[in-house]
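Dumped model_15.cif below, it's mmCIF, C-alpha atoms:
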data_target
loop_
_atom_site.label_atom_id
_atom_site.label_comp_id
_atom_site.auth_asym_id
_atom_site.auth_seq_id
_atom_site.Cartn_x
_atom_site.Cartn_y
_atom_site.Cartn_z
CA MET O 1257 132.99 -210.02 -123.82
CA THR O 1258 134.51 -213.01 -122.13
CA LEU O 1259 133.37 -214.15 -118.72
CA LEU O 1260 136.51 -212.81 -117.06
CA SER O 1261 136.18 -209.34 -118.49
CA GLU O 1262 132.52 -209.24 -117.53
CA ILE O 1263 133.43 -210.19 -113.97
CA TRP O 1264 136.11 -207.52 -113.95
CA VAL O 1265 133.72 -204.81 -115.15
CA LEU O 1266 131.03 -205.78 -112.65
CA MET O 1267 133.50 -205.81 -109.79
CA GLN O 1268 134.81 -202.41 -110.77
CA LYS O 1269 131.25 -201.14 -110.82
CA ASP O 1270 130.59 -202.54 -107.34
CA PHE O 1271 133.73 -200.99 -105.90
CA ARG O 1272 133.05 -197.67 -107.56
CA LEU O 1273 129.49 -197.64 -106.23
CA GLU O 1274 130.76 -198.46 -102.78
CA TRP O 1275 133.31 -195.72 -102.94
CA ARG O 1276 130.89 -193.10 -104.20
CA GLN O 1277 128.23 -193.74 -101.60
CA ARG O 1278 130.55 -194.07 -98.68
CA ALA O 1279 127.68 -194.16 -96.20
CA ALA O 1280 127.39 -197.94 -96.52
CA LEU O 1281 131.12 -198.54 -96.24
CA ASN O 1282 131.50 -196.26 -93.25
CA GLY O 1283 128.43 -197.85 -91.74
CA MET O 1284 130.01 -201.28 -91.97
CA LEU O 1285 133.29 -200.08 -90.51
CA LEU O 1286 131.45 -198.41 -87.67
CA TYR O 1287 129.37 -201.53 -87.14
CA VAL O 1288 132.51 -203.63 -86.77
CA SER O 1289 134.22 -201.16 -84.47
CA SER O 1290 131.25 -200.65 -82.21
CA THR O 1291 130.70 -204.41 -81.95
CA VAL O 1292 134.34 -204.89 -81.00
CA PHE O 1293 134.09 -202.08 -78.50
CA VAL O 1294 130.92 -203.48 -76.96
CA CYS O 1295 132.71 -206.81 -76.55
CA TYR O 1296 135.64 -205.04 -74.94
CA LEU O 1297 133.42 -203.14 -72.52
CA SER O 1298 131.36 -206.19 -71.57
CA PHE O 1299 134.50 -208.12 -70.72
CA SER O 1300 136.39 -205.28 -69.09
CA SER O 1301 134.71 -206.02 -65.75
CA ARG O 1302 136.65 -209.28 -65.76
CA GLY O 1303 139.92 -207.36 -65.70
CA GLY O 1304 140.27 -206.95 -69.44
CA GLN O 1305 142.19 -210.08 -70.37
CA LEU O 1306 140.10 -212.71 -72.10
CA PRO O 1307 140.90 -216.43 -71.98
CA VAL O 1308 142.10 -217.59 -75.39
CA PRO O 1309 139.09 -219.76 -76.40
CA ALA O 1310 136.72 -216.92 -75.52
CA TRP O 1311 138.85 -214.45 -77.50
CA ASN O 1312 138.64 -216.78 -80.48
CA ALA O 1313 134.91 -217.46 -80.25
CA LEU O 1314 134.10 -213.78 -79.81
CA PHE O 1315 136.25 -212.80 -82.79
CA TRP O 1316 134.41 -215.18 -85.10
CA ILE O 1317 131.02 -214.13 -83.81
CA VAL O 1318 131.89 -210.49 -84.54
CA LEU O 1319 133.00 -211.50 -88.04
CA LEU O 1320 129.90 -213.63 -88.60
CA PHE O 1321 127.50 -210.83 -87.75
CA SER O 1322 129.36 -208.19 -89.71
CA ALA O 1323 129.52 -210.57 -92.68
CA VAL O 1324 125.77 -211.16 -92.63
CA ASN O 1325 125.16 -207.43 -92.45
CA ALA O 1326 127.67 -206.53 -95.11
CA VAL O 1327 126.60 -209.16 -97.63
CA ALA O 1328 122.87 -208.79 -97.00
CA LYS O 1329 122.74 -205.54 -98.88
CA GLY O 1330 124.53 -207.11 -101.87
CA PHE O 1331 121.39 -208.05 -103.73
CA LEU O 1332 118.88 -206.07 -101.73
CA GLN O 1333 120.33 -202.80 -102.97
CA GLU O 1334 120.07 -203.83 -106.62
CA SER O 1335 116.81 -202.48 -107.95
CA ARG O 1336 114.62 -204.57 -110.24
CA GLY O 1337 115.37 -202.29 -113.14
CA ARG O 1338 119.09 -202.62 -112.75
CA MET O 1339 118.85 -206.41 -112.56
CA LEU O 1340 116.88 -206.36 -115.79
CA TYR O 1341 119.58 -204.25 -117.35
CA TYR O 1342 122.29 -206.74 -116.33
CA TYR O 1343 120.13 -209.45 -117.76
CA THR O 1344 120.46 -207.93 -121.19
CA VAL O 1345 124.20 -207.23 -121.14
CA VAL O 1346 126.04 -209.89 -119.14
CA ARG O 1347 125.67 -213.55 -118.35
CA PRO O 1348 124.39 -214.60 -114.91
CA GLN O 1349 127.58 -216.49 -113.99
CA ALA O 1350 129.50 -213.24 -114.26
CA VAL O 1351 127.07 -211.51 -111.91
CA ILE O 1352 127.34 -214.13 -109.17
CA LEU O 1353 131.11 -214.58 -109.47
CA ALA O 1354 131.68 -210.82 -109.46
CA LYS O 1355 129.46 -210.47 -106.39
CA ILE O 1356 131.22 -213.31 -104.59
CA LEU O 1357 134.67 -211.89 -105.34
CA TYR O 1358 133.60 -208.40 -104.40
CA ASN O 1359 132.04 -209.58 -101.16
CA ALA O 1360 135.11 -211.69 -100.38
CA LEU O 1361 137.41 -208.68 -100.76
CA LEU O 1362 135.03 -206.51 -98.76
CA LEU O 1363 134.80 -209.08 -95.98
CA LEU O 1364 138.55 -209.56 -95.97
CA GLY O 1365 139.01 -205.82 -95.53
CA LEU O 1366 136.41 -205.73 -92.77
CA ALA O 1367 137.95 -208.76 -91.07
CA LEU O 1368 141.42 -207.22 -91.09
CA VAL O 1369 140.07 -203.97 -89.64
CA ALA O 1370 138.20 -205.99 -87.02
CA PHE O 1371 141.35 -207.97 -86.23
CA ALA O 1372 143.41 -204.80 -85.83
CA LEU O 1373 140.86 -203.11 -83.58
CA TYR O 1374 140.26 -206.29 -81.68
CA SER O 1375 143.96 -206.76 -80.92
CA VAL O 1376 144.30 -203.14 -79.84
CA VAL O 1377 141.55 -203.27 -77.23
CA LEU O 1378 141.42 -206.94 -76.26
CA GLY O 1379 145.06 -207.93 -76.71
CA ASN O 1380 146.54 -210.14 -79.38
CA PRO O 1381 147.30 -213.68 -78.18
CA VAL O 1382 147.85 -215.00 -81.76
CA GLN O 1383 151.13 -216.86 -81.97
CA ASN O 1384 151.10 -217.82 -85.64
CA VAL O 1385 149.93 -214.67 -87.39
CA GLY O 1386 150.49 -215.99 -90.94
CA LEU O 1387 148.23 -218.98 -90.40
CA PHE O 1388 145.65 -216.82 -88.62
CA VAL O 1389 145.43 -214.27 -91.43
CA GLY O 1390 145.36 -217.00 -94.08
CA ASN O 1391 142.53 -218.63 -92.19
CA VAL O 1392 140.67 -215.31 -91.98
CA ALA O 1393 141.09 -214.94 -95.75
CA LEU O 1394 139.65 -218.41 -96.35
CA GLY O 1395 136.82 -217.50 -94.00
CA ALA O 1396 136.10 -214.31 -95.92
CA VAL O 1397 135.88 -216.23 -99.20
CA GLY O 1398 133.71 -218.92 -97.61
CA PHE O 1399 131.33 -216.47 -95.95
CA ALA O 1400 131.10 -214.49 -99.17
CA SER O 1401 130.30 -217.50 -101.35
CA THR O 1402 127.68 -218.85 -98.95
CA LEU O 1403 126.04 -215.55 -98.13
CA THR O 1404 125.97 -214.11 -101.63
CA LEU O 1405 123.63 -216.79 -102.92
CA VAL O 1406 121.61 -216.67 -99.69
CA SER O 1407 121.18 -212.91 -100.07
CA GLY O 1408 120.05 -213.48 -103.64
CA ILE O 1409 117.49 -215.99 -102.38
CA ALA O 1410 116.38 -213.79 -99.49
CA ALA O 1411 115.99 -210.78 -101.78
CA LYS O 1412 113.23 -212.64 -103.63
CA ALA O 1413 111.15 -213.28 -100.52
CA THR O 1414 108.97 -210.96 -98.52
CA ASN O 1415 110.70 -210.77 -95.13
CA SER O 1416 114.24 -210.67 -96.44
CA SER O 1417 116.16 -209.49 -93.41
CA THR O 1418 114.89 -212.25 -91.12
CA LEU O 1419 115.34 -214.84 -93.84
CA MET O 1420 118.91 -213.74 -94.37
CA ALA O 1421 119.80 -214.73 -90.80
CA VAL O 1422 117.61 -217.83 -90.72
CA LEU O 1423 118.98 -219.21 -93.97
CA GLY O 1424 122.53 -217.98 -93.57
CA PHE O 1425 123.54 -218.95 -90.04
CA PRO O 1426 122.94 -222.70 -90.17
CA LEU O 1427 124.52 -222.93 -93.62
CA MET O 1428 127.65 -221.26 -92.31
CA VAL O 1429 128.08 -223.52 -89.31
CA PRO O 1430 130.17 -226.25 -91.00
CA MET O 1431 132.56 -223.61 -92.26
CA LEU O 1432 132.58 -221.76 -88.96
CA LEU O 1433 133.46 -224.89 -86.99
CA LEU O 1434 136.49 -225.54 -89.18
CA LEU O 1435 137.54 -221.89 -89.11
CA ILE O 1436 137.35 -221.75 -85.32
CA LYS O 1437 139.38 -224.93 -85.06
CA VAL O 1438 142.15 -223.69 -87.35
CA SER O 1439 142.19 -220.29 -85.72
CA LYS O 1440 142.53 -221.98 -82.31
CA ASN O 1441 145.57 -223.81 -83.70
CA ALA O 1442 147.00 -220.50 -84.91
CA LEU O 1443 146.37 -218.93 -81.52
CA ASP O 1444 148.20 -221.74 -79.77
CA GLY O 1445 151.07 -221.51 -82.25
CA LEU O 1446 150.80 -225.11 -83.44
CA GLU O 1447 152.75 -225.88 -86.58
CA PHE O 1448 151.08 -225.97 -89.97
CA GLU O 1449 150.82 -229.78 -90.09
CA ALA O 1450 148.26 -229.76 -87.26
CA SER O 1451 145.73 -227.77 -89.23
CA ARG O 1452 146.44 -229.02 -92.73
CA SER O 1453 143.52 -231.43 -93.03
CA SER O 1454 141.09 -228.83 -91.70
CA LEU O 1455 142.41 -226.23 -94.10
CA LEU O 1456 142.06 -228.61 -97.02
CA THR O 1457 138.50 -229.43 -96.01
CA LEU O 1458 137.81 -225.72 -95.76
CA VAL O 1459 139.13 -225.14 -99.28
CA ALA O 1460 137.06 -228.06 -100.56
CA LEU O 1461 133.96 -226.70 -98.81
CA ASN O 1462 134.54 -223.28 -100.36
CA MET O 1463 134.85 -224.87 -103.76
CA ILE O 1464 131.65 -226.89 -103.35
CA VAL O 1465 129.69 -223.83 -102.24
CA GLY O 1466 131.19 -221.69 -105.00
CA ALA O 1467 130.44 -224.29 -107.66
CA VAL O 1468 126.86 -224.78 -106.47
CA SER O 1469 126.28 -221.01 -106.44
CA TYR O 1470 127.71 -220.78 -109.95
CA LEU O 1471 125.36 -223.50 -111.19
CA LEU O 1472 122.24 -222.32 -109.38
CA PHE O 1473 122.35 -218.57 -109.82
CA PRO O 1474 121.18 -218.54 -113.47
CA PHE O 1475 117.93 -220.17 -112.30
CA LEU O 1476 117.49 -217.74 -109.44
CA TRP O 1477 118.07 -214.85 -111.75
CA ARG O 1478 115.41 -215.71 -114.24
CA SER O 1479 112.50 -215.17 -111.91
CA MET M 675 99.51 -250.29 -110.01
CA LYS M 676 101.58 -253.40 -110.68
CA GLN M 677 104.58 -251.69 -109.12
CA ASN M 678 103.53 -252.11 -105.53
CA TRP M 679 105.87 -255.00 -104.74
CA TRP M 680 108.23 -252.67 -102.89
CA LYS M 681 105.49 -251.68 -100.48
CA ALA M 682 104.91 -255.30 -99.61
CA LEU M 683 108.66 -255.65 -99.21
CA THR M 684 108.67 -252.66 -96.84
CA VAL M 685 105.98 -254.22 -94.67
CA VAL M 686 107.73 -257.59 -94.58
CA LEU M 687 111.15 -256.09 -93.86
CA LEU M 688 109.94 -253.80 -91.10
CA LEU M 689 107.89 -256.56 -89.46
CA TYR M 690 110.98 -258.74 -89.59
CA VAL M 691 113.14 -255.95 -88.18
CA SER M 692 110.84 -255.18 -85.29
CA VAL M 693 110.52 -258.85 -84.31
CA ALA M 694 114.03 -260.07 -85.04
CA GLY M 695 115.62 -256.82 -83.93
CA LEU M 696 114.14 -257.23 -80.49
CA LEU M 697 114.51 -261.00 -80.16
CA LEU M 698 117.63 -262.24 -81.96
CA PRO M 699 120.78 -262.57 -79.87
CA VAL M 700 123.16 -259.62 -79.81
CA PRO M 701 126.75 -259.45 -78.55
CA ARG M 702 127.01 -258.74 -74.84
CA LEU M 703 129.03 -255.59 -74.39
CA ALA M 704 129.73 -253.56 -71.28
CA ILE M 705 127.63 -250.40 -70.89
CA LEU M 706 125.85 -250.94 -74.20
CA ASN M 707 124.07 -254.15 -73.17
CA GLU M 708 120.70 -254.41 -74.85
CA THR M 709 120.76 -250.81 -76.07
CA ILE M 710 122.86 -252.04 -78.98
CA ARG M 711 119.54 -252.95 -80.60
CA ASN M 712 119.03 -249.26 -81.20
CA LEU M 713 121.34 -249.80 -84.16
CA TYR M 714 118.37 -251.26 -86.05
CA PHE M 715 116.26 -248.16 -85.51
CA HIS M 716 118.53 -245.16 -85.03
CA VAL M 717 121.14 -245.67 -87.76
CA PRO M 718 118.70 -246.57 -90.57
CA MET M 719 116.90 -243.27 -89.92
CA TRP M 720 119.97 -241.37 -91.08
CA PHE M 721 120.36 -243.63 -94.09
CA GLY M 722 116.70 -243.09 -94.92
CA MET M 723 117.03 -239.36 -94.38
CA THR M 724 120.05 -239.09 -96.67
CA PHE M 725 118.36 -241.05 -99.44
CA ILE M 726 115.06 -239.19 -99.24
CA LEU M 727 116.81 -235.81 -99.14
CA ALA M 728 118.85 -236.86 -102.15
CA ALA M 729 115.56 -237.73 -103.86
CA SER M 730 114.27 -234.29 -102.93
CA VAL M 731 117.33 -232.71 -104.55
CA TYR M 732 116.72 -234.87 -107.61
CA TYR M 733 113.18 -233.53 -107.92
CA SER M 734 114.40 -229.97 -107.35
CA VAL M 735 116.93 -230.32 -110.16
CA ARG M 736 114.21 -231.71 -112.40
CA TYR M 737 111.96 -228.83 -111.40
CA LEU M 738 114.58 -226.30 -112.45
CA ARG M 739 114.81 -228.01 -115.82
CA THR M 740 111.10 -228.40 -116.45
CA PRO M 741 109.01 -226.39 -113.98
CA THR M 742 105.79 -228.27 -113.17
CA PRO M 743 103.88 -228.06 -109.87
CA ALA M 744 104.03 -231.84 -109.46
CA LEU M 745 107.81 -231.87 -109.28
CA ASP M 746 107.79 -229.05 -106.74
CA ILE M 747 105.30 -230.94 -104.59
CA ARG M 748 107.40 -234.09 -104.76
CA ALA M 749 110.55 -232.24 -103.76
CA HIS M 750 108.76 -230.53 -100.90
CA GLU M 751 107.18 -233.70 -99.52
CA ALA M 752 110.45 -235.60 -99.82
CA ALA M 753 112.23 -232.89 -97.87
CA ARG M 754 109.51 -232.96 -95.22
CA THR M 755 109.81 -236.71 -94.91
CA GLY M 756 113.58 -236.28 -94.59
CA ILE M 757 113.04 -233.83 -91.75
CA LEU M 758 110.71 -236.31 -90.06
CA MET M 759 113.32 -239.07 -90.36
CA GLY M 760 115.91 -236.70 -88.95
CA PHE M 761 113.78 -235.90 -85.93
CA VAL M 762 113.07 -239.57 -85.26
CA GLY M 763 116.81 -240.19 -85.61
CA LEU M 764 117.56 -237.46 -83.09
CA ALA M 765 114.93 -238.82 -80.69
CA THR M 766 116.12 -242.43 -80.86
CA GLY M 767 119.69 -241.24 -80.46
CA SER M 768 118.76 -239.10 -77.51
CA ILE M 769 117.00 -241.93 -75.69
CA TRP M 770 119.97 -244.20 -76.34
CA ALA M 771 122.37 -241.54 -75.08
CA LYS M 772 120.39 -241.24 -71.84
CA TYR M 773 121.01 -244.92 -71.09
CA THR M 774 124.63 -245.18 -72.21
CA TRP M 775 126.13 -241.74 -71.69
CA GLY M 776 123.73 -240.64 -68.97
CA GLU M 777 122.71 -237.47 -70.78
CA TRP M 778 119.94 -236.66 -73.23
CA TRP M 779 122.30 -234.49 -75.21
CA THR M 780 126.07 -234.17 -75.21
CA ASN M 781 128.29 -231.63 -76.87
CA ASP M 782 129.38 -233.97 -79.62
CA PRO M 783 130.19 -233.09 -83.24
CA LYS M 784 127.89 -235.73 -84.66
CA LEU M 785 124.95 -234.64 -82.54
CA ASN M 786 125.51 -230.98 -83.20
CA GLY M 787 125.94 -231.62 -86.92
CA ALA M 788 122.63 -233.43 -87.04
CA ALA M 789 120.93 -230.62 -85.12
CA ILE M 790 122.33 -227.98 -87.44
CA ALA M 791 121.22 -229.96 -90.46
CA MET M 792 117.72 -229.95 -89.00
CA LEU M 793 117.98 -226.16 -88.63
CA ILE M 794 119.05 -225.87 -92.28
CA TYR M 795 116.02 -227.81 -93.40
CA GLY M 796 113.80 -225.93 -90.97
CA ALA M 797 114.93 -222.81 -92.79
CA TYR M 798 113.78 -224.49 -96.01
CA LEU M 799 110.25 -224.69 -94.62
CA VAL M 800 110.40 -221.08 -93.43
CA LEU M 801 111.61 -219.99 -96.85
CA ARG M 802 108.75 -221.80 -98.56
CA SER M 803 106.19 -220.13 -96.37
CA SER M 804 107.49 -216.63 -97.05
CA PHE M 805 106.43 -216.47 -100.69
CA THR M 806 103.03 -215.60 -101.99
CA ASP M 807 103.71 -216.33 -105.64
CA GLU M 808 103.65 -220.09 -106.20
CA GLN M 809 106.04 -220.26 -109.12
CA GLN M 810 108.59 -218.10 -107.42
CA ARG M 811 108.24 -220.13 -104.25
CA ALA M 812 108.83 -223.35 -106.15
CA ARG M 813 111.84 -222.02 -108.01
CA VAL M 814 113.60 -220.32 -105.12
CA SER M 815 113.00 -223.18 -102.70
CA ALA M 816 114.33 -225.65 -105.27
CA ILE M 817 117.48 -223.57 -105.48
CA TYR M 818 117.82 -223.42 -101.71
CA ASN M 819 117.13 -227.14 -101.42
CA ILE M 820 120.07 -227.99 -103.68
CA PHE M 821 122.32 -225.50 -101.91
CA ALA M 822 121.26 -226.79 -98.48
CA PHE M 823 121.99 -230.40 -99.42
CA ALA M 824 125.48 -229.45 -100.59
CA THR M 825 126.28 -227.74 -97.30
CA ALA M 826 124.40 -230.06 -94.93
CA MET M 827 125.98 -233.31 -96.09
CA PRO M 828 129.53 -232.33 -94.99
CA LEU M 829 128.03 -231.90 -91.52
CA PHE M 830 127.11 -235.56 -91.47
CA TYR M 831 129.85 -237.23 -93.41
CA ILE M 832 132.98 -235.08 -93.28
CA LEU M 833 133.17 -232.90 -90.18
CA PRO M 834 132.57 -235.59 -87.53
CA ARG M 835 135.42 -237.59 -89.01
CA LEU M 836 137.82 -234.71 -88.44
CA THR M 837 137.13 -234.36 -84.74
CA ASP M 838 137.06 -236.64 -81.75
CA SER M 839 133.67 -237.85 -80.81
CA LEU M 840 131.98 -240.03 -78.25
CA HIS M 841 129.66 -241.35 -80.88
CA PRO M 842 130.23 -244.92 -82.03
CA GLY M 843 132.14 -244.98 -85.29
CA ALA M 844 134.10 -241.81 -84.58
CA GLY M 845 137.17 -240.70 -82.68
CA GLY M 846 138.47 -244.22 -82.17
CA ASN M 847 135.21 -245.55 -80.76
CA PRO M 848 134.28 -248.79 -82.44
CA ALA M 849 131.53 -248.68 -85.01
CA PHE M 850 129.22 -251.60 -85.42
CA ALA M 851 131.45 -253.14 -88.07
CA LYS M 852 134.04 -253.86 -85.40
CA TYR M 853 132.03 -255.45 -82.67
CA ASP M 854 129.54 -257.65 -84.32
CA LEU M 855 131.54 -259.61 -86.79
CA ASP M 856 129.22 -262.32 -85.61
CA SER M 857 126.95 -261.79 -88.57
CA ASN M 858 123.77 -261.95 -86.51
CA MET M 859 123.48 -258.18 -86.34
CA ARG M 860 124.08 -257.74 -90.01
CA LEU M 861 121.20 -260.10 -90.67
CA VAL M 862 118.92 -257.53 -89.13
CA PHE M 863 120.80 -254.31 -89.82
CA TYR M 864 120.85 -254.44 -93.62
CA PRO M 865 117.16 -255.31 -93.93
CA ALA M 866 116.47 -252.51 -91.44
CA VAL M 867 118.30 -249.96 -93.57
CA ILE M 868 116.44 -251.05 -96.69
CA GLY M 869 113.11 -251.24 -94.88
CA TRP M 870 113.24 -247.82 -93.25
CA THR M 871 114.50 -246.21 -96.45
CA LEU M 872 111.64 -247.73 -98.42
CA LEU M 873 109.23 -246.55 -95.73
CA ALA M 874 110.55 -243.02 -96.17
CA PHE M 875 109.89 -243.19 -99.90
CA TRP M 876 106.44 -244.61 -99.30
CA LEU M 877 105.59 -241.80 -96.88
CA ALA M 878 106.86 -239.18 -99.31
CA GLN M 879 104.85 -240.75 -102.12
CA LEU M 880 101.64 -240.77 -100.09
CA ALA M 881 102.17 -237.20 -98.91
CA SER M 882 102.79 -235.95 -102.43
CA ARG M 883 99.70 -237.76 -103.69
CA VAL M 884 97.61 -236.02 -101.06
CA SER M 885 99.11 -232.66 -101.97
CA LEU M 886 98.58 -233.27 -105.68
CA LEU M 887 94.94 -234.16 -105.04
CA LYS M 888 94.53 -231.03 -102.95
CA LEU M 889 95.99 -229.00 -105.79
CA LYS M 890 93.55 -230.61 -108.22
CA VAL M 891 90.56 -229.89 -106.00
CA TYR M 892 91.73 -226.33 -105.56
CA GLU M 893 92.10 -225.84 -109.30
CA LYS M 894 88.63 -227.27 -109.86
CA GLN M 895 87.18 -224.82 -107.36
CA LEU M 896 88.86 -221.96 -109.16
CA ALA M 897 87.57 -223.04 -112.54
#
Represent the supplied structure as structure tokens.
Amino acid sequence: MTLLSEIWVLMQKDFRLEWRQRAALNGMLLYVSSTVFVCYLSFSSRGGQLPVPAWNALFWIVLLFSAVNAVAKGFLQESRGRMLYYYTVVRPQAVILAKILYNALLLLGLALVAFALYSVVLGNPVQNVGLFVGNVALGAVGFASTLTLVSGIAAKATNSSTLMAVLGFPLMVPMLLLLIKVSKNALDGLEFEASRSSLLTLVALNMIVGAVSYLLFPFLWRS
Amino acid sequence: MKQNWWKALTVVLLLYVSVAGLLLPVPRLAILNETIRNLYFHVPMWFGMTFILAASVYYSVRYLRTPTPALDIRAHEAARTGILMGFVGLATGSIWAKYTWGEWWTNDPKLNGAAIAMLIYGAYLVLRSSFTDEQQRARVSAIYNIFAFATAMPLFYILPRLTDSLHPGAGGNPAFAKYDLDSNMRLVFYPAVIGWTLLAFWLAQLASRVSLLKLKVYEKQLA
């Protein structure tokens, strides 16, 4: 099999698994919605309407936490036996790329649901929706590529759930700063030119992280 | 043992830096005044940190190719020395900021980037301590070390350049290259960078020798 077809098969398997045991998927959706609702309730004493920077910051914090939760189970749920089985049939690069792509799509779905819910309860001050959604998509890919390898690392250690947060959060900060900046531009309705350099840096950062994961995962896998 | 010339060089350079750095004339600038001498101590820390962390990544890569405990120890001690340099850099910067900006800490991209990088490497130490199996610890922390370097370096060298900053050398504030074209400062600054970097390598070398000896003693006790 070529690398691409291996990735395709592994992704199909992940989606099918997710669909069959819907508990996890529903859990994530509920997690996102209850977080959004808690935010809404905690700010409702202020009269409901959030200032734009706070709206933005809160949105990304909701996404950050749901991303960590959603991706954390990526490698933790794979049993040792199943990993051994993969080891015999596919190459490691396919496993990591399939996981990254799968997580990216999952996070994108979650982020769009969060965005929809968020705008329903907290209002939608976004003026440039295209840029905002594109930025969210880049964020989903970036979070997925950073967190997938981190979850692989954390799965090897003893206290995985703490490690996931400790390792993941600081690593995501560079990306998060850029994302928040671009999304602020989209909220204020600035034209594309204003956020071009940040977007390019974001793409470059995603590529660095993706490439490093691709190179490192075979070593992680072996142990 | 004939290769100790660089240690003598370190001693000479750092003695020169601490005497000449405090005594040679510096340009008189408003607000900065004598605090400009911090350039000889604060900035080289970051140079030293970058080089020693790069060395740590080098050892980690070598470890992944040929796993031996010695390479793991070298990577670990280099990373620890890098963290030490980072903390000294933060401290010298903080003291300087108190006298020029009037605050120990300001909300500045460069400062925050440095702090986050320290968190990333703090997570490296936490990760190391959460394994019981030595080989697995060495392998996984080598992987994380490479990944961390790839995400931490943009924090230092890319992100601050995209945003406005109070810090010299960013956001239109002059860096040292602009205000001291009288070459007096360069006469001290370049030796300072070399001296502190060499000191970092010396420290890392000593620390890894101690760890290697400890490992040897431990193995002897087991035998």
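Interatomic distance, CA of Ala1360 (chain O) to CA of Glu1334 (chain O): 18.1 Å.
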Neighbours of chain O in chain M at 6 Å, counting only C-alpha atoms, as an MDAnalysis selection string: chainID M and resid 790 794 797 805
Would you list the residues near (140.7, -209.5, -93.0), meaning any protein, DNA or RNA residue with an atom at most 10 Å from that point in file coordinates, counting all atoms listed in the file, as a tab-separated table (two decimals) with C-alpha atoms, in the frame of the given file?
chain	number	residue	atom	x	y	z
O	1319	LEU	CA	133.00	-211.50	-88.04
O	1360	ALA	CA	135.11	-211.69	-100.38
O	1361	LEU	CA	137.41	-208.68	-100.76
O	1362	LEU	CA	135.03	-206.51	-98.76
O	1363	LEU	CA	134.80	-209.08	-95.98
O	1364	LEU	CA	138.55	-209.56	-95.97
O	1365	GLY	CA	139.01	-205.82	-95.53
O	1366	LEU	CA	136.41	-205.73	-92.77
O	1367	ALA	CA	137.95	-208.76	-91.07
O	1368	LEU	CA	141.42	-207.22	-91.09
O	1369	VAL	CA	140.07	-203.97	-89.64
O	1370	ALA	CA	138.20	-205.99	-87.02
O	1371	PHE	CA	141.35	-207.97	-86.23
O	1372	ALA	CA	143.41	-204.80	-85.83
O	1388	PHE	CA	145.65	-216.82	-88.62
O	1389	VAL	CA	145.43	-214.27	-91.43
O	1390	GLY	CA	145.36	-217.00	-94.08
O	1391	ASN	CA	142.53	-218.63	-92.19
O	1392	VAL	CA	140.67	-215.31	-91.98
O	1393	ALA	CA	141.09	-214.94	-95.75
O	1394	LEU	CA	139.65	-218.41	-96.35
O	1395	GLY	CA	136.82	-217.50	-94.00
O	1396	ALA	CA	136.10	-214.31	-95.92
Selection result of the PyMOL selection byres ((chain O and resi 1374) around 12) on this file, as a PyMOL selection string: chain O and resi 1288-1297+1306+1311-1312+1314-1316+1318-1319+1366-1373+1375-1382
Store the residues picked out above, limited to C-alpha atoms, as an mmCIF file, in the coordinates of the input.
data_model
loop_
_atom_site.group_PDB
_atom_site.id
_atom_site.type_symbol
_atom_site.label_atom_id
_atom_site.label_comp_id
_atom_site.auth_asym_id
_atom_site.auth_seq_id
_atom_site.Cartn_x
_atom_site.Cartn_y
_atom_site.Cartn_z
ATOM 1 C CA VAL O 1288 132.510 -203.630 -86.770
ATOM 2 C CA SER O 1289 134.220 -201.160 -84.470
ATOM 3 C CA SER O 1290 131.250 -200.650 -82.210
ATOM 4 C CA THR O 1291 130.700 -204.410 -81.950
ATOM 5 C CA VAL O 1292 134.340 -204.890 -81.000
ATOM 6 C CA PHE O 1293 134.090 -202.080 -78.500
ATOM 7 C CA VAL O 1294 130.920 -203.480 -76.960
ATOM 8 C CA CYS O 1295 132.710 -206.810 -76.550
ATOM 9 C CA TYR O 1296 135.640 -205.040 -74.940
ATOM 10 C CA LEU O 1297 133.420 -203.140 -72.520
ATOM 11 C CA LEU O 1306 140.100 -212.710 -72.100
ATOM 12 C CA TRP O 1311 138.850 -214.450 -77.500
ATOM 13 C CA ASN O 1312 138.640 -216.780 -80.480
ATOM 14 C CA LEU O 1314 134.100 -213.780 -79.810
ATOM 15 C CA PHE O 1315 136.250 -212.800 -82.790
ATOM 16 C CA TRP O 1316 134.410 -215.180 -85.100
ATOM 17 C CA VAL O 1318 131.890 -210.490 -84.540
ATOM 18 C CA LEU O 1319 133.000 -211.500 -88.040
ATOM 19 C CA LEU O 1366 136.410 -205.730 -92.770
ATOM 20 C CA ALA O 1367 137.950 -208.760 -91.070
ATOM 21 C CA LEU O 1368 141.420 -207.220 -91.090
ATOM 22 C CA VAL O 1369 140.070 -203.970 -89.640
ATOM 23 C CA ALA O 1370 138.200 -205.990 -87.020
ATOM 24 C CA PHE O 1371 141.350 -207.970 -86.230
ATOM 25 C CA ALA O 1372 143.410 -204.800 -85.830
ATOM 26 C CA LEU O 1373 140.860 -203.110 -83.580
ATOM 27 C CA SER O 1375 143.960 -206.760 -80.920
ATOM 28 C CA VAL O 1376 144.300 -203.140 -79.840
ATOM 29 C CA VAL O 1377 141.550 -203.270 -77.230
ATOM 30 C CA LEU O 1378 141.420 -206.940 -76.260
ATOM 31 C CA GLY O 1379 145.060 -207.930 -76.710
ATOM 32 C CA ASN O 1380 146.540 -210.140 -79.380
ATOM 33 C CA PRO O 1381 147.300 -213.680 -78.180
ATOM 34 C CA VAL O 1382 147.850 -215.000 -81.760
#
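Residues in contact with region 811-822 of chain M at up to 6 Å, not including ones fewer than 5 positions away on its chain and judged by all atoms listed in the file, are Val731, Ser734, Asp746, Arg802 and Phe805 of chain M.
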Given the PyMOL selection byres ((chain M and resi 723) around 10), the residues it picks as a PyMOL selection string: chain M and resi 718-722+724-729+752-763+870-871+874-875
